[in-house]
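Novice: Next comes coords.cif, mmCIF, C-alpha atoms:
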data_final
loop_
_atom_site.label_atom_id
_atom_site.label_comp_id
_atom_site.auth_asym_id
_atom_site.auth_seq_id
_atom_site.Cartn_x
_atom_site.Cartn_y
_atom_site.Cartn_z
CA MET A 1 -36.54 -37.14 -56.06
CA ASP A 2 -33.76 -35.08 -57.61
CA TYR A 3 -30.44 -34.47 -55.90
CA ALA A 4 -27.58 -32.12 -56.75
CA THR A 5 -23.92 -33.03 -57.10
CA GLY A 6 -20.80 -31.35 -58.37
CA GLY A 7 -20.79 -33.58 -61.45
CA ILE A 8 -21.12 -37.03 -62.94
CA GLY A 9 -18.63 -39.42 -61.41
CA SER A 10 -17.83 -37.05 -58.54
CA ALA A 11 -17.41 -38.55 -55.09
CA PRO A 12 -20.84 -37.29 -53.94
CA HIS A 13 -22.46 -38.83 -57.03
CA LEU A 14 -20.85 -42.20 -56.32
CA VAL A 15 -21.76 -42.11 -52.63
CA LEU A 16 -25.42 -41.44 -53.39
CA ALA A 17 -25.37 -44.10 -56.12
CA GLN A 18 -24.13 -46.60 -53.53
CA LEU A 19 -26.76 -45.48 -51.00
CA ALA A 20 -29.48 -45.69 -53.67
CA THR A 21 -28.44 -49.27 -54.44
CA LEU A 22 -28.48 -50.21 -50.75
CA SER A 23 -31.79 -48.50 -50.00
CA GLY A 24 -33.65 -49.21 -53.22
CA ILE A 25 -34.42 -45.51 -53.57
CA ASP A 26 -34.45 -44.22 -57.14
CA TRP A 27 -32.94 -40.74 -56.98
CA VAL A 28 -32.20 -38.64 -60.05
CA GLN A 29 -28.88 -36.84 -60.20
CA VAL A 30 -28.78 -33.19 -61.26
CA ALA A 31 -25.12 -32.66 -62.12
CA PHE A 32 -23.58 -29.22 -61.76
CA ARG A 33 -20.08 -28.05 -62.66
CA GLY A 34 -18.99 -28.11 -59.03
CA GLY A 35 -20.09 -28.25 -55.42
CA GLN A 36 -20.63 -24.51 -55.10
CA GLN A 37 -23.14 -24.48 -57.97
CA ALA A 38 -24.88 -27.55 -56.53
CA ILE A 39 -25.30 -26.06 -53.08
CA ALA A 40 -26.47 -22.75 -54.59
CA ALA A 41 -29.24 -24.67 -56.37
CA VAL A 42 -30.31 -26.29 -53.09
CA VAL A 43 -30.22 -22.99 -51.20
CA ALA A 44 -32.36 -21.46 -53.98
CA GLY A 45 -34.86 -24.32 -53.73
CA GLN A 46 -34.20 -25.55 -57.28
CA VAL A 47 -33.13 -29.03 -56.12
CA PRO A 48 -34.32 -30.65 -52.86
CA PHE A 49 -30.98 -31.93 -51.53
CA LEU A 50 -27.35 -32.55 -52.26
CA MET A 51 -24.39 -34.60 -51.20
CA ASP A 52 -21.02 -32.91 -50.89
CA THR A 53 -17.98 -32.66 -48.66
CA ALA A 54 -17.90 -31.02 -45.24
CA PRO A 55 -15.80 -28.02 -46.35
CA VAL A 56 -18.41 -27.20 -49.00
CA VAL A 57 -21.55 -27.68 -46.89
CA LEU A 58 -20.60 -26.85 -43.29
CA PRO A 59 -20.44 -23.07 -43.86
CA GLN A 60 -23.95 -23.24 -45.33
CA VAL A 61 -25.17 -25.35 -42.40
CA ARG A 62 -23.63 -22.94 -39.89
CA GLU A 63 -25.30 -19.98 -41.62
CA GLY A 64 -28.67 -21.75 -41.58
CA ARG A 65 -29.00 -21.87 -45.37
CA VAL A 66 -29.24 -25.68 -45.44
CA ARG A 67 -29.86 -28.35 -42.83
CA GLY A 68 -27.40 -31.18 -42.36
CA LEU A 69 -29.29 -34.48 -42.64
CA ALA A 70 -26.49 -37.04 -42.44
CA VAL A 71 -22.76 -37.54 -42.67
CA THR A 72 -21.27 -40.47 -44.54
CA SER A 73 -18.37 -41.08 -42.17
CA ALA A 74 -18.48 -43.93 -39.66
CA GLN A 75 -18.53 -41.44 -36.78
CA ARG A 76 -20.19 -38.06 -36.41
CA VAL A 77 -18.02 -35.15 -37.54
CA ALA A 78 -16.49 -33.23 -34.63
CA ALA A 79 -17.22 -29.90 -36.36
CA ALA A 80 -20.95 -30.77 -36.54
CA PRO A 81 -21.73 -33.40 -33.88
CA GLU A 82 -25.48 -32.75 -34.14
CA ILE A 83 -25.60 -34.33 -37.62
CA PRO A 84 -26.11 -38.12 -37.42
CA THR A 85 -24.35 -40.65 -39.59
CA ILE A 86 -26.07 -42.60 -42.35
CA ALA A 87 -25.25 -45.74 -40.38
CA GLU A 88 -27.21 -44.37 -37.41
CA GLN A 89 -30.21 -43.84 -39.68
CA GLY A 90 -30.69 -47.45 -40.70
CA PHE A 91 -27.69 -48.41 -42.80
CA PRO A 92 -25.29 -50.07 -40.36
CA GLY A 93 -21.71 -50.18 -41.56
CA PHE A 94 -22.25 -47.53 -44.25
CA GLU A 95 -19.17 -45.37 -44.59
CA ALA A 96 -17.85 -43.23 -47.38
CA THR A 97 -15.27 -40.54 -46.87
CA SER A 98 -13.39 -38.29 -49.22
CA TRP A 99 -9.64 -38.23 -49.03
CA GLY A 100 -6.67 -36.56 -50.59
CA GLY A 101 -3.01 -37.22 -50.78
CA ILE A 102 0.28 -36.28 -52.29
CA LEU A 103 1.46 -38.33 -55.24
CA GLY A 104 4.68 -38.37 -57.19
CA PRO A 105 6.07 -40.11 -60.23
CA ALA A 106 5.93 -43.92 -60.12
CA ARG A 107 9.72 -44.08 -60.25
CA MET A 108 10.41 -41.52 -57.55
CA PRO A 109 13.52 -42.60 -55.65
CA PRO A 110 12.66 -44.22 -52.30
CA ALA A 111 14.83 -41.72 -50.39
CA VAL A 112 12.85 -38.82 -51.87
CA THR A 113 9.56 -40.55 -51.05
CA THR A 114 10.69 -41.06 -47.45
CA ARG A 115 11.76 -37.40 -47.05
CA LEU A 116 8.58 -36.08 -48.61
CA ASN A 117 6.42 -38.33 -46.43
CA ALA A 118 8.24 -37.22 -43.27
CA ALA A 119 7.72 -33.57 -44.21
CA VAL A 120 4.00 -34.14 -44.84
CA VAL A 121 3.56 -35.95 -41.52
CA ARG A 122 5.29 -33.06 -39.71
CA ALA A 123 3.10 -30.52 -41.50
CA MET A 124 -0.09 -32.43 -40.68
CA ASP A 125 0.82 -32.22 -36.98
CA MET A 126 1.38 -28.45 -36.99
CA PRO A 127 -1.15 -26.73 -34.69
CA ALA A 128 -2.33 -24.38 -37.45
CA VAL A 129 -3.00 -27.32 -39.78
CA VAL A 130 -4.75 -29.32 -37.06
CA GLU A 131 -6.99 -26.33 -36.26
CA ALA A 132 -7.74 -25.51 -39.91
CA TYR A 133 -8.70 -29.09 -40.74
CA ALA A 134 -10.90 -29.36 -37.65
CA ARG A 135 -12.69 -26.10 -38.53
CA LEU A 136 -13.42 -27.47 -42.02
CA GLY A 137 -14.74 -30.75 -40.65
CA ILE A 138 -11.87 -32.75 -42.14
CA ASP A 139 -10.46 -35.75 -40.31
CA ARG A 140 -6.77 -35.39 -41.08
CA ARG A 141 -4.61 -38.48 -41.29
CA ALA A 142 -1.05 -39.01 -42.35
CA SER A 143 0.21 -42.46 -43.17
CA THR A 144 3.04 -44.26 -44.87
CA PRO A 145 3.39 -44.38 -48.65
CA GLU A 146 2.66 -48.12 -48.50
CA ALA A 147 -0.53 -47.65 -46.47
CA PHE A 148 -1.68 -44.87 -48.78
CA GLY A 149 -1.03 -47.08 -51.83
CA ALA A 150 -3.11 -49.86 -50.27
CA HIS A 151 -5.88 -47.37 -49.50
CA ILE A 152 -5.93 -46.14 -53.10
CA ALA A 153 -6.12 -49.72 -54.41
CA ALA A 154 -9.00 -50.57 -52.06
CA GLU A 155 -10.89 -47.39 -52.98
CA LEU A 156 -10.45 -48.05 -56.71
CA ALA A 157 -11.88 -51.54 -56.30
CA ARG A 158 -14.78 -50.33 -54.16
CA TRP A 159 -15.86 -47.46 -56.39
CA THR A 160 -15.33 -49.43 -59.60
CA GLU A 161 -17.95 -51.85 -58.27
CA VAL A 162 -20.33 -49.01 -57.35
CA VAL A 163 -19.99 -47.59 -60.88
CA ARG A 164 -20.64 -51.04 -62.38
CA VAL A 165 -23.69 -51.81 -60.23
CA ALA A 166 -25.19 -48.32 -60.67
CA GLU A 167 -24.40 -48.42 -64.40
CA ILE A 168 -22.80 -44.97 -64.30
CA LYS A 169 -21.52 -43.96 -67.74
CA PRO A 170 -19.21 -41.06 -68.61
CA GLU A 171 -20.79 -38.23 -70.57
#
Written as C-alpha cells, that's how I'd like the structure from this file.

Specialist:
Amino acid sequence: MDYATGGIGSAPHLVLAQLATLSGIDWVQVAFRGGQQAIAAVVAGQVPFLMDTAPVVLPQVREGRVRGLAVTSAQRVAAAPEIPTIAEQGFPGFEATSWGGILGPARMPPAVTTRLNAAVVRAMDMPAVVEAYARLGIDRRASTPEAFGAHIAAELARWTEVVRVAEIKPE
C-alpha cells in the first residue's frame, strides 16, 4: 500500500519506516515536496493515507476531508481525543513526536543562553501561546538548554538507527 509524506527523510517518513519495521508491513512511500501536497493527494484519492503532524492534518480532519486513524504520541491528543494512539492499536510503547526548539551558535555565552531560555519559557506560558498550541494539537514544552541538548542527542541516535534499519538513502 502506498502512503504519502512531505518528503524523503521527513519526520513522517521516518515514523512510518519505524512502524513498518515493527509491524512487518511493506508500505511504499510516495514523497511530495511538503505536507500540504501530501494531504492534497490523500484528499483527492490519489494516495490511500499519509502520516503528518497535527497542525497539518487536524484542519482536514475537522472539515471531514480525511479521517484520523491514529496518533503517534504516547497519549491521545487533547485537540482530537477521539483518535486513538498507535500504542492502543497493538504496538505498546510506540511513541514518536515531532518537536522544535530554538538553537544558537555553539559558543553562545552562557549568560545569553540563560536569558534567551528564560524569555522562551515565559513566552510559552503566555495564555495566547498556550491557546494557539492547544488549538493546533501541539503539546508545548519548555525545558532547560541542557535537557534540550540531551533530547536532541537521544533523538539523533534513535532516528539514525531507524534510517539504518529501514535502509533509507538520500536522493

Novice: So, counting only C-alpha atoms, which residue among A:Val47, A:Ala142, A:Ala31, A:Leu136 is closest to A:Leu14?

Specialist: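 When distances to A:Leu14 are compared using only C-alpha atoms, the smallest one comes from A:Ala31.
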
Novice: Contacts of A:Val15 at 9 Å or less, counting all atoms listed in the file, minus same-chain residues fewer than 3 places along, as a list in words?

Specialist: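 What passes the distance filter is Ser10, Ala11, Pro12, Gln18, Leu19, Ala20, Met51, Thr72, Ala96, Thr97, Trp159 and Val162 of chain A.
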
Novice: Pick the closest to A:Glu155 from A:Asp52, A:Ile168, A:Val120, A:Gly100: which is it, counting all atoms listed in the file?

Specialist: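 Using all atoms listed in the file, A:Glu155 sits closest to A:Gly100.
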
Novice: Which distance in Å separates atom CA of A:Ile8 and atom CA of A:Arg33, to one decimal?

Specialist: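 Going from atom CA of A:Ile8 over to atom CA of A:Arg33, I get 9.0 Å.
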
Novice: From (-25.6, -51.5, -50.0), in the file's coordinates, out to 12 Å: which residues are reached, counting all atoms listed in the file? Answer as a VMD selection string.

Specialist: chain A and resid 15 to 25 86 to 87 90 to 96 158 161 to 162 165 to 166

Novice: Take atom CA of A:Ala150 and atom CA of A:Ala74 and report the distance between them in Å, one decimal.

Specialist: 19.6 Å

Novice: Record the distance separating atom CA of A:Ser98 and atom CA of A:Met1, expressed in Å with one decimal.

Specialist: 24.2 Å

Novice: When the PyMOL selection byres ((chain A and resi 60) around 12) is applied to the file above, which residues end up in the set, as a count of residues only?

Specialist: 24

Novice: Can you spell out as a PyMOL selection string the set of residues that the PyMOL selection byres ((chain A and resi 84) around 9) selects in the structure I just provided?

Specialist: chain A and resi 68-72+75-77+81-83+85-89

Novice: If the box runs along x, y and z of the file and leaves 8 Å on each side of stretch 43-53 of chain A, what are its centre and edge lengths in Å, one decimal, as JSON?

Specialist:
{"center_x": -26.4, "center_y": -28.0, "center_z": -53.0, "size_x": 32.9, "size_y": 29.1, "size_z": 24.6}

Novice: Evaluate the PyMOL selection byres ((chain A and resi 102) around 12) and record the selected residues as a ChimeraX atom specification, following the chain and residue labels used in the document.

Specialist: /A:99-101,103-105,113,116-117,119-121,142-145,148-149,152
